[in-house]
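Below is model35.txt, holding compact mmCIF, C-alpha atoms.
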```
# COMPACT_ATOMS: atom_id res chain seq x y z
CA MET P 1 0.00 0.00 0.00
CA ASN P 2 1.24 3.40 -0.87
CA LEU P 3 -0.89 5.29 1.59
CA PHE P 4 1.82 6.48 3.94
CA LYS P 5 4.15 8.10 1.53
CA ASN P 6 6.07 11.03 2.88
CA LYS P 7 3.73 13.75 1.64
CA LYS P 8 2.48 16.87 3.43
CA ALA P 9 -1.19 15.83 3.05
CA GLU P 10 -0.50 12.48 4.66
CA GLY P 11 1.09 14.27 7.58
CA THR P 12 -2.04 16.39 8.01
CA ARG P 13 -4.31 13.33 7.90
CA LEU P 14 -2.21 11.55 10.50
CA SER P 15 -2.54 14.54 12.85
CA LEU P 16 -6.30 14.44 12.36
CA TRP P 17 -6.34 10.75 13.23
CA THR P 18 -4.31 11.47 16.33
CA LEU P 19 -6.82 14.13 17.38
CA ILE P 20 -9.74 11.77 16.83
CA ASP P 21 -7.95 9.09 18.85
CA LEU P 22 -7.30 11.54 21.65
CA PHE P 23 -10.94 12.59 21.62
CA VAL P 24 -12.13 8.97 21.86
CA LEU P 25 -9.66 8.36 24.66
CA LEU P 26 -10.93 11.43 26.47
CA VAL P 27 -14.54 10.23 26.18
CA ILE P 28 -13.60 6.83 27.60
CA VAL P 29 -11.62 8.36 30.48
CA ILE P 30 -14.54 10.68 31.29
CA ALA P 31 -16.95 7.71 31.18
CA PHE P 32 -14.58 5.81 33.46
CA PHE P 33 -14.48 8.58 36.08
CA PHE P 34 -18.23 9.16 35.75
CA GLU P 35 -18.83 5.48 36.52
CA ILE P 36 -16.55 5.67 39.57
CA TYR P 37 -18.38 8.81 40.73
CA THR P 38 -21.78 7.13 40.25
CA ILE P 39 -20.69 4.03 42.17
CA SER P 40 -19.29 6.09 45.04
CA LYS P 41 -22.47 8.16 45.29
CA ASN P 42 -25.18 5.50 45.10
CA THR P 43 -25.88 2.77 47.64
CA TRP P 44 -26.27 -0.10 45.19
CA PHE P 45 -23.25 -1.98 46.52
CA GLU P 46 -24.31 -1.61 50.16
CA LYS P 47 -27.86 -2.74 49.39
CA ARG P 48 -26.62 -5.73 47.47
CA PHE P 49 -24.19 -6.62 50.25
CA LEU P 50 -26.89 -6.34 52.92
CA ALA P 51 -29.43 -8.32 50.90
CA LYS P 52 -26.98 -11.15 50.33
CA ASP P 53 -25.62 -11.10 53.86
CA ILE P 54 -29.05 -11.03 55.51
CA ALA P 55 -30.30 -13.85 53.27
CA MET P 56 -27.32 -15.93 54.40
CA MET P 57 -27.95 -14.90 57.98
CA VAL P 58 -31.54 -16.18 57.71
CA ASP P 59 -30.28 -19.47 56.25
CA THR P 60 -27.81 -19.71 59.14
CA VAL P 61 -30.46 -19.03 61.76
CA TYR P 62 -32.55 -21.80 60.20
CA ALA P 63 -29.60 -24.15 60.72
CA SER P 64 -29.57 -23.57 64.45
CA PRO P 65 -30.67 -26.68 66.37
CA ALA P 66 -31.86 -24.55 69.28
CA ASP P 67 -33.70 -21.30 69.88
CA VAL P 68 -31.46 -18.33 69.24
CA VAL P 69 -31.43 -14.56 69.17
CA VAL P 70 -28.85 -13.22 66.72
CA VAL P 71 -27.92 -9.56 66.64
CA TYR P 72 -27.08 -8.66 63.07
CA PRO P 73 -23.62 -7.09 63.28
CA GLN P 74 -23.82 -4.63 60.38
CA ASN P 75 -24.76 -1.00 60.10
CA THR P 76 -28.28 -1.03 58.73
CA LEU P 77 -29.34 2.43 59.81
CA TRP P 78 -29.72 3.92 56.38
CA PHE P 79 -31.86 1.22 54.81
CA SER P 80 -35.34 -0.28 54.95
CA PHE P 81 -35.97 -4.00 54.74
CA LYS P 82 -38.88 -5.94 53.37
CA PHE P 83 -39.14 -9.61 54.30
CA GLU P 84 -41.43 -11.63 52.05
CA LYS P 85 -41.90 -15.27 51.13
CA ASN P 86 -38.45 -16.68 50.47
CA LYS P 87 -36.84 -13.31 49.88
CA ILE P 88 -35.58 -10.09 51.37
CA THR P 89 -35.47 -6.72 49.63
CA VAL P 90 -33.26 -3.88 50.81
CA PHE P 91 -34.25 -0.30 50.01
CA ASP P 92 -32.78 3.07 50.68
CA ARG P 93 -34.51 4.19 53.84
CA LEU P 94 -38.05 5.27 53.08
CA GLN P 95 -38.43 8.98 53.69
CA GLU P 96 -41.85 9.62 55.22
CA LYS P 97 -43.24 6.73 53.14
CA LYS P 98 -43.80 9.02 50.18
CA VAL P 99 -41.33 7.95 47.59
CA SER P 100 -40.69 4.54 46.10
CA PHE P 101 -37.10 3.48 45.70
CA SER P 102 -35.25 0.83 43.81
CA GLY P 103 -34.42 -2.12 45.96
CA ILE P 104 -32.19 -5.16 45.76
CA THR P 105 -33.71 -8.57 46.33
CA GLN P 106 -32.01 -11.74 47.45
CA TYR P 107 -33.62 -15.13 47.93
CA PHE P 108 -33.11 -17.42 50.89
CA THR P 109 -34.42 -20.94 51.44
CA GLU P 110 -37.39 -20.98 53.76
CA ASP P 111 -38.27 -23.88 55.99
CA ASN P 112 -41.88 -25.00 55.67
CA LYS P 113 -41.95 -26.32 59.22
CA LEU P 114 -41.04 -22.97 60.74
CA GLU P 115 -43.14 -19.90 60.31
CA PHE P 116 -41.20 -16.93 58.98
CA VAL P 117 -42.77 -13.65 60.06
CA TYR P 118 -42.96 -11.45 56.97
CA LYS P 119 -42.63 -7.78 57.77
CA ASP P 120 -41.18 -4.45 56.80
CA LEU P 121 -38.49 -2.95 58.97
CA ASN P 122 -38.19 0.80 58.70
CA PRO P 123 -35.92 2.19 61.37
CA ILE P 124 -36.32 5.94 61.68
CA VAL P 125 -33.14 7.90 62.17
CA GLU P 126 -33.50 11.27 63.82
CA LEU P 127 -31.25 13.93 65.19
CA ASN P 128 -32.17 14.92 68.74
CA LYS P 129 -31.75 18.36 70.26
CA ASN P 130 -28.12 17.70 71.06
CA GLY P 131 -27.40 16.68 67.47
CA GLU P 132 -27.05 13.01 68.39
CA ILE P 133 -28.50 10.29 66.20
CA THR P 134 -31.38 8.30 67.60
CA ILE P 135 -33.18 5.43 65.93
CA ARG P 136 -36.85 4.78 66.49
CA ASP P 137 -39.22 2.05 65.50
CA GLU P 138 -42.41 3.76 64.39
CA GLU P 139 -44.66 0.83 65.40
CA LEU P 140 -43.35 0.66 68.93
CA ASN P 141 -42.59 4.37 69.14
CA LYS P 142 -39.44 3.59 71.08
CA ASN P 143 -35.85 4.59 70.65
CA MET P 144 -33.72 1.88 69.13
CA PHE P 145 -30.11 0.98 69.67
CA VAL P 146 -29.41 -2.09 67.54
CA PRO P 147 -31.12 -1.99 64.16
CA MET P 148 -31.84 -5.66 63.52
CA VAL P 149 -32.11 -8.95 65.36
CA PHE P 150 -33.19 -12.41 64.23
CA LYS P 151 -35.15 -14.37 66.77
CA LYS P 152 -35.68 -18.10 66.29
CA SER P 153 -38.02 -19.98 68.57
CA GLU P 154 -39.44 -23.48 68.29
CA ASN P 155 -42.15 -22.45 65.86
CA LYS P 156 -41.03 -19.34 64.06
CA ILE P 157 -38.29 -16.99 62.93
CA GLU P 158 -38.84 -13.29 63.24
CA PRO P 159 -36.66 -10.37 62.15
CA VAL P 160 -37.12 -7.48 64.54
CA ILE P 161 -35.57 -4.17 65.31
CA ALA P 162 -33.88 -4.59 68.66
CA LEU P 163 -34.85 -2.39 71.52
CA SER P 164 -31.34 -2.24 72.87
CA ILE P 165 -28.55 -4.67 73.58
CA ASP P 166 -29.26 -4.37 77.29
CA ASN P 167 -32.94 -5.15 76.82
CA LEU P 168 -32.74 -8.21 74.59
CA ASP P 169 -34.78 -10.10 77.16
CA GLU P 170 -37.80 -8.14 75.98
CA LEU P 171 -37.56 -9.96 72.68
CA ARG P 172 -37.62 -13.42 74.15
CA MET L 1 -13.67 6.68 -4.61
CA LYS L 2 -10.03 7.30 -3.97
CA LYS L 3 -7.79 4.71 -2.48
CA ALA L 4 -7.16 6.79 0.64
CA GLN L 5 -10.90 7.30 1.29
CA ALA L 6 -11.50 3.58 0.93
CA PHE L 7 -8.70 2.99 3.39
CA ASN L 8 -10.32 5.39 5.90
CA ILE L 9 -13.67 3.60 5.72
CA MET L 10 -12.03 0.18 6.03
CA HIS L 11 -9.83 1.43 8.85
CA TRP L 12 -12.84 2.70 10.86
CA SER L 13 -15.04 -0.27 10.11
CA PHE L 14 -12.59 -3.04 10.87
CA THR L 15 -10.12 -1.57 13.33
CA ARG L 16 -11.16 1.50 15.24
CA ILE L 17 -14.88 0.96 15.88
CA PRO L 18 -14.45 -2.66 17.01
CA PHE L 19 -11.51 -1.52 19.14
CA ILE L 20 -13.61 1.15 20.86
CA ILE L 21 -16.50 -1.28 21.40
CA GLY L 22 -14.04 -3.84 22.78
CA LEU L 23 -12.58 -1.25 25.13
CA ILE L 24 -16.02 -0.30 26.46
CA ILE L 25 -16.89 -3.99 26.99
CA ILE L 26 -13.60 -4.49 28.86
CA PHE L 27 -14.40 -1.55 31.16
CA TYR L 28 -17.89 -2.90 31.78
CA LEU L 29 -16.59 -6.40 32.56
CA PHE L 30 -13.92 -4.92 34.82
CA PHE L 31 -16.47 -3.06 36.93
CA SER L 32 -18.85 -6.04 37.04
CA SER L 33 -16.09 -8.41 38.07
CA GLN L 34 -15.01 -6.06 40.86
CA TYR L 35 -18.56 -6.05 42.23
CA ASN L 36 -19.00 -9.78 41.94
CA PHE L 37 -15.60 -10.56 43.41
CA ALA L 38 -16.31 -8.35 46.43
CA LEU L 39 -19.63 -10.15 47.04
CA GLU L 40 -18.48 -13.68 46.32
CA THR L 41 -19.77 -16.12 48.92
CA HIS L 42 -19.16 -19.49 47.27
CA LYS L 43 -17.68 -21.43 50.18
CA VAL L 44 -19.78 -19.74 52.85
CA GLY L 45 -23.04 -20.67 51.11
CA ASP L 46 -21.94 -24.30 50.81
CA TYR L 47 -20.91 -24.41 54.45
CA ILE L 48 -24.20 -22.92 55.68
CA PHE L 49 -26.24 -25.54 53.84
CA GLU L 50 -24.05 -28.39 54.99
CA LYS L 51 -24.73 -27.31 58.57
CA ARG L 52 -28.38 -26.68 57.87
CA PHE L 53 -28.97 -30.22 56.66
CA LEU L 54 -27.00 -31.74 59.52
CA TYR L 55 -27.99 -29.49 62.43
CA SER L 56 -31.57 -28.48 61.82
CA PRO L 57 -34.21 -30.66 63.48
CA ASN L 58 -36.39 -29.98 60.42
CA ALA L 59 -33.77 -31.54 58.14
CA LEU L 60 -31.89 -34.72 59.06
CA ALA L 61 -30.80 -34.33 62.67
CA TYR L 62 -32.33 -36.55 65.31
CA GLN L 63 -34.37 -34.76 67.95
CA ASP L 64 -35.19 -36.41 71.22
CA PRO L 65 -38.99 -36.34 71.48
CA GLU L 66 -38.91 -36.04 75.27
CA THR L 67 -36.27 -33.38 75.86
CA LYS L 68 -36.50 -31.75 72.40
CA ARG L 69 -32.70 -31.75 72.32
CA VAL L 70 -31.24 -31.99 68.82
CA TYR L 71 -28.28 -34.27 68.07
CA PRO L 72 -26.51 -32.98 64.94
CA GLY L 73 -24.26 -36.05 64.47
CA ILE L 74 -27.19 -38.46 64.47
CA ILE L 75 -29.30 -39.00 61.35
CA ASP L 76 -32.94 -39.78 61.97
CA MET L 77 -33.99 -42.44 59.44
CA THR L 78 -37.60 -41.28 59.58
CA LYS L 79 -36.42 -37.89 58.32
CA PHE L 80 -34.01 -39.33 55.77
CA ASP L 81 -36.72 -39.40 53.19
CA GLU L 82 -36.96 -37.55 49.89
CA ASP L 83 -40.55 -36.39 50.40
CA ASN L 84 -39.86 -35.20 53.92
CA ILE L 85 -36.80 -33.15 52.95
CA ASN L 86 -38.34 -31.69 49.83
CA LYS L 87 -41.47 -30.68 51.69
CA SER L 88 -39.41 -29.09 54.46
CA PHE L 89 -37.78 -26.46 52.27
CA VAL L 90 -39.14 -23.89 49.88
CA PHE L 91 -37.02 -24.40 46.78
CA GLU L 92 -38.62 -21.65 44.75
CA LYS L 93 -35.68 -19.56 43.47
CA SER L 94 -33.39 -21.59 45.71
CA TYR L 95 -29.77 -21.98 44.68
CA ILE L 96 -29.16 -25.28 46.41
CA ALA L 97 -29.59 -28.91 45.35
CA ALA L 98 -28.10 -32.05 46.84
CA LYS L 99 -27.76 -35.78 46.80
CA PHE L 100 -27.34 -37.74 50.04
CA GLU L 101 -26.03 -41.26 50.28
CA LEU L 102 -26.35 -42.92 53.66
CA THR L 103 -24.65 -46.27 54.21
CA ASP L 104 -25.53 -48.45 57.17
CA LEU L 105 -22.10 -49.85 58.08
CA GLU L 106 -23.58 -52.78 59.97
CA THR L 107 -25.95 -54.07 57.29
CA GLY L 108 -24.28 -52.52 54.23
CA HIS L 109 -27.62 -51.09 53.14
CA VAL L 110 -27.31 -47.87 51.12
CA LYS L 111 -30.09 -45.29 50.84
CA GLU L 112 -29.91 -42.42 48.40
CA ILE L 113 -32.11 -39.33 48.42
CA TYR L 114 -32.18 -36.19 46.32
CA VAL L 115 -32.98 -32.68 47.41
CA ASN L 116 -34.37 -30.46 44.66
CA GLU L 117 -33.67 -33.34 42.27
CA LYS L 118 -34.69 -31.65 39.04
CA TRP L 119 -32.12 -28.92 39.53
CA TYR L 120 -29.49 -31.24 40.98
CA ASN L 121 -29.47 -33.24 37.75
CA ARG L 122 -29.21 -30.10 35.69
CA TRP L 123 -26.66 -28.15 37.72
CA SER L 124 -24.36 -31.09 38.49
CA SER L 125 -23.38 -31.16 34.80
CA TYR L 126 -22.24 -27.55 34.99
CA THR L 127 -19.97 -27.73 38.04
CA SER L 128 -16.87 -27.19 35.93
CA PHE L 129 -18.09 -23.62 35.40
CA GLU L 130 -17.19 -20.98 37.94
CA GLN L 131 -20.83 -20.07 38.62
CA TYR L 132 -21.60 -23.54 39.95
CA ASP L 133 -20.03 -25.06 43.04
CA GLN L 134 -19.90 -28.69 43.98
CA TYR L 135 -19.19 -29.52 47.58
CA ILE L 136 -18.78 -33.13 48.67
CA LEU L 137 -18.77 -33.97 52.35
CA LYS L 138 -18.08 -37.43 53.76
CA ARG L 139 -18.45 -38.17 57.43
CA PHE L 140 -19.19 -40.97 59.84
CA VAL L 141 -22.53 -40.61 61.62
CA LEU L 142 -24.87 -42.49 63.88
CA ILE L 143 -28.17 -43.60 62.42
CA LYS L 144 -31.28 -43.59 64.57
CA THR L 145 -33.67 -46.33 63.53
CA LYS L 146 -36.77 -47.75 65.20
CA ASP L 147 -34.61 -50.38 66.88
CA GLY L 148 -31.89 -48.07 68.16
CA PHE L 149 -28.62 -46.67 66.90
CA THR L 150 -26.29 -48.06 64.24
CA LYS L 151 -23.06 -46.80 62.71
CA GLY L 152 -23.30 -45.16 59.34
CA PHE L 153 -21.47 -43.19 56.69
CA LEU L 154 -22.95 -40.13 55.05
CA LYS L 155 -21.88 -38.73 51.69
CA MET L 156 -23.34 -35.33 50.93
CA ASP L 157 -23.02 -33.95 47.41
CA LEU L 158 -24.12 -30.31 47.39
CA VAL L 159 -24.48 -28.33 44.18
CA VAL L 160 -24.82 -24.57 44.49
CA ASN L 161 -25.92 -22.34 41.66
CA ASN L 162 -24.35 -18.98 42.34
CA LEU L 163 -26.38 -17.30 39.62
CA GLN L 164 -29.73 -18.32 41.07
CA GLY L 165 -30.92 -16.28 44.00
CA TYR L 166 -28.43 -13.54 43.24
CA ALA L 167 -29.36 -10.01 44.08
CA SER L 168 -31.52 -8.47 41.42
CA LYS L 169 -32.81 -4.98 41.05
CA VAL L 170 -36.50 -4.41 41.59
CA ASP L 171 -38.50 -1.24 41.26
CA LEU L 172 -41.49 -0.54 43.40
```

Could I get this structure in the form of structure tokens?
Amino acid sequence: MNLFKNKKAEGTRLSLWTLIDLFVLLVIVIAFFFEIYTISKNTWFEKRFLAKDIAMMVDTVYASPADVVVVYPQNTLWFSFKFEKNKITVFDRLQEKKVSFSGITQYFTEDNKLEFVYKDLNPIVELNKNGEITIRDEELNKNMFVPMVFKKSENKIEPVIALSIDNLDELR
Amino acid sequence: MKKAQAFNIMHWSFTRIPFIIGLIIIFYLFFSSQYNFALETHKVGDYIFEKRFLYSPNALAYQDPETKRVYPGIIDMTKFDEDNINKSFVFEKSYIAAKFELTDLETGHVKEIYVNEKWYNRWSSYTSFEQYDQYILKRFVLIKTKDGFTKGFLKMDLVVNNLQGYASKVDL
């Protein structure tokens, strides 16, 4: 091919190609950083992690040969949880129940011989007068300390929002 | 059409555009793999289900009817039944399937049961792929029969589909 002969016009075309290449590269780099920015801003990863982890936690609680109360050791303050048949869905915390949000669902394997109590858990996070964070359960209208606990008794498994670590006896 | 113009078209069609598309795909796969790697739970999921089958009184473990105490190392022959196991669990969207082989070491009698058999047969052919795990456990156990206890050997072949039950995005 005689396309790259040492002519002035060829030199101009090559510069144009270089510019186009640089432009494409710039677009890709911008897309790359935009993706990183999007990931860092949204809670998709956290929701997916919590959904998967809680589903495994439920499977683990099912494996227990005895009655147990398990305090879920993750920060769940900023999310709402919906427990349904065979699955859990994690949402960004519902703000005043007005807006619907995208959630992440994960399936667990339910046991037919144990009742699983389906419910929504919506811890409310508030700032008190001193600027400290308090968590309340709107059903009980009580301040919360630990966001989630799994309670397995002989007949059922129930996810609940704990009252406080010191008052776990209230759950039994 | 001049030779140089034809070269430009060919160059874009066969080199640059596929290169850009390839680059974008690589970026996409890179991000996806980072997510999936961070949330990989292959061995943990297998381990939980191994324990669930062996420890849960609703699965295979013998439970003393008087004291309600569960004995995880003892297999209750009345529970070692395909119907019983399959009715115990909700396998809708479940990612687990298994085959159990229980050998009575005193009589040589072997009993085989399947859990979620339809999917076990399908998934067990795919275990060479990364998305599918196969976990084989062999252990000596005691078998509780009507007449008392005998020595036995349990082989558990668990197949886990890591694609099934994965977190999915839902919109309310």

Which residue out of L:Gly22, L:Gly108, L:Gly45, L:Gly73 has the minimum interatomic distance to Phe140 in chain L when all atoms listed in the file are used? L:Gly73

Close residues, Val68 in chain P itself excluded, 7 Å, all atoms listed in the file, min 4 positions apart in chain, as a ChimeraX atom specification: /P:151-153

Taking all atoms listed in the file into account, find every residue of chain P that has an atom no more than 10 Å from chain L, and write it out as an MDAnalysis selection string. chainID P and resid 1:4 10 17 21 24:25 28 31:32 35:36 39 44:45 47:53 55:57 59:66 85:91 99:114 154

At most 12 Å from (-25.9, -23.6, 40.0), file frame, only C-alpha atoms: which residues, as a PyMOL selection string? chain L and resi 42+45-46+93-98+116+118-135+158-166

Could you write those residues out with C-alpha atoms, as a compact mmCIF listing (two decimals), in the coordinates of the input?
```
# COMPACT_ATOMS: atom_id res chain seq x y z
CA HIS L 42 -19.16 -19.49 47.27
CA GLY L 45 -23.04 -20.67 51.11
CA ASP L 46 -21.94 -24.30 50.81
CA LYS L 93 -35.68 -19.56 43.47
CA SER L 94 -33.39 -21.59 45.71
CA TYR L 95 -29.77 -21.98 44.68
CA ILE L 96 -29.16 -25.28 46.41
CA ALA L 97 -29.59 -28.91 45.35
CA ALA L 98 -28.10 -32.05 46.84
CA ASN L 116 -34.37 -30.46 44.66
CA LYS L 118 -34.69 -31.65 39.04
CA TRP L 119 -32.12 -28.92 39.53
CA TYR L 120 -29.49 -31.24 40.98
CA ASN L 121 -29.47 -33.24 37.75
CA ARG L 122 -29.21 -30.10 35.69
CA TRP L 123 -26.66 -28.15 37.72
CA SER L 124 -24.36 -31.09 38.49
CA SER L 125 -23.38 -31.16 34.80
CA TYR L 126 -22.24 -27.55 34.99
CA THR L 127 -19.97 -27.73 38.04
CA SER L 128 -16.87 -27.19 35.93
CA PHE L 129 -18.09 -23.62 35.40
CA GLU L 130 -17.19 -20.98 37.94
CA GLN L 131 -20.83 -20.07 38.62
CA TYR L 132 -21.60 -23.54 39.95
CA ASP L 133 -20.03 -25.06 43.04
CA GLN L 134 -19.90 -28.69 43.98
CA TYR L 135 -19.19 -29.52 47.58
CA LEU L 158 -24.12 -30.31 47.39
CA VAL L 159 -24.48 -28.33 44.18
CA VAL L 160 -24.82 -24.57 44.49
CA ASN L 161 -25.92 -22.34 41.66
CA ASN L 162 -24.35 -18.98 42.34
CA LEU L 163 -26.38 -17.30 39.62
CA GLN L 164 -29.73 -18.32 41.07
CA GLY L 165 -30.92 -16.28 44.00
CA TYR L 166 -28.43 -13.54 43.24
```

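Between CA of Ser80 in chain P and CA of Lys119 in chain P the separation is 10.8 Å.
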
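The interatomic distance for the pair CA of Ile75 in chain L and CA of Pro159 in chain P works out to 29.6 Å.
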
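Atom pair CA of Thr76 in chain P / CA of Leu121 in chain P: separated by 10.4 Å.
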
Neighbour list for Phe150 in chain P as a PyMOL selection string, cut-off 10 Å, all atoms listed in the file, skip fewer than 3 positions in-chain: chain P and resi 54+57-58+61+68-72+153+157-162+171

Centre and size of axis-aligned box enclosing range 66-69 of chain P plus 8 Å each side, as lines of an AutoDock Vina configuration file:
```
center_x = -32.6
center_y = -19.6
center_z = 69.5
size_x = 18.3
size_y = 26.0
size_z = 16.7
```
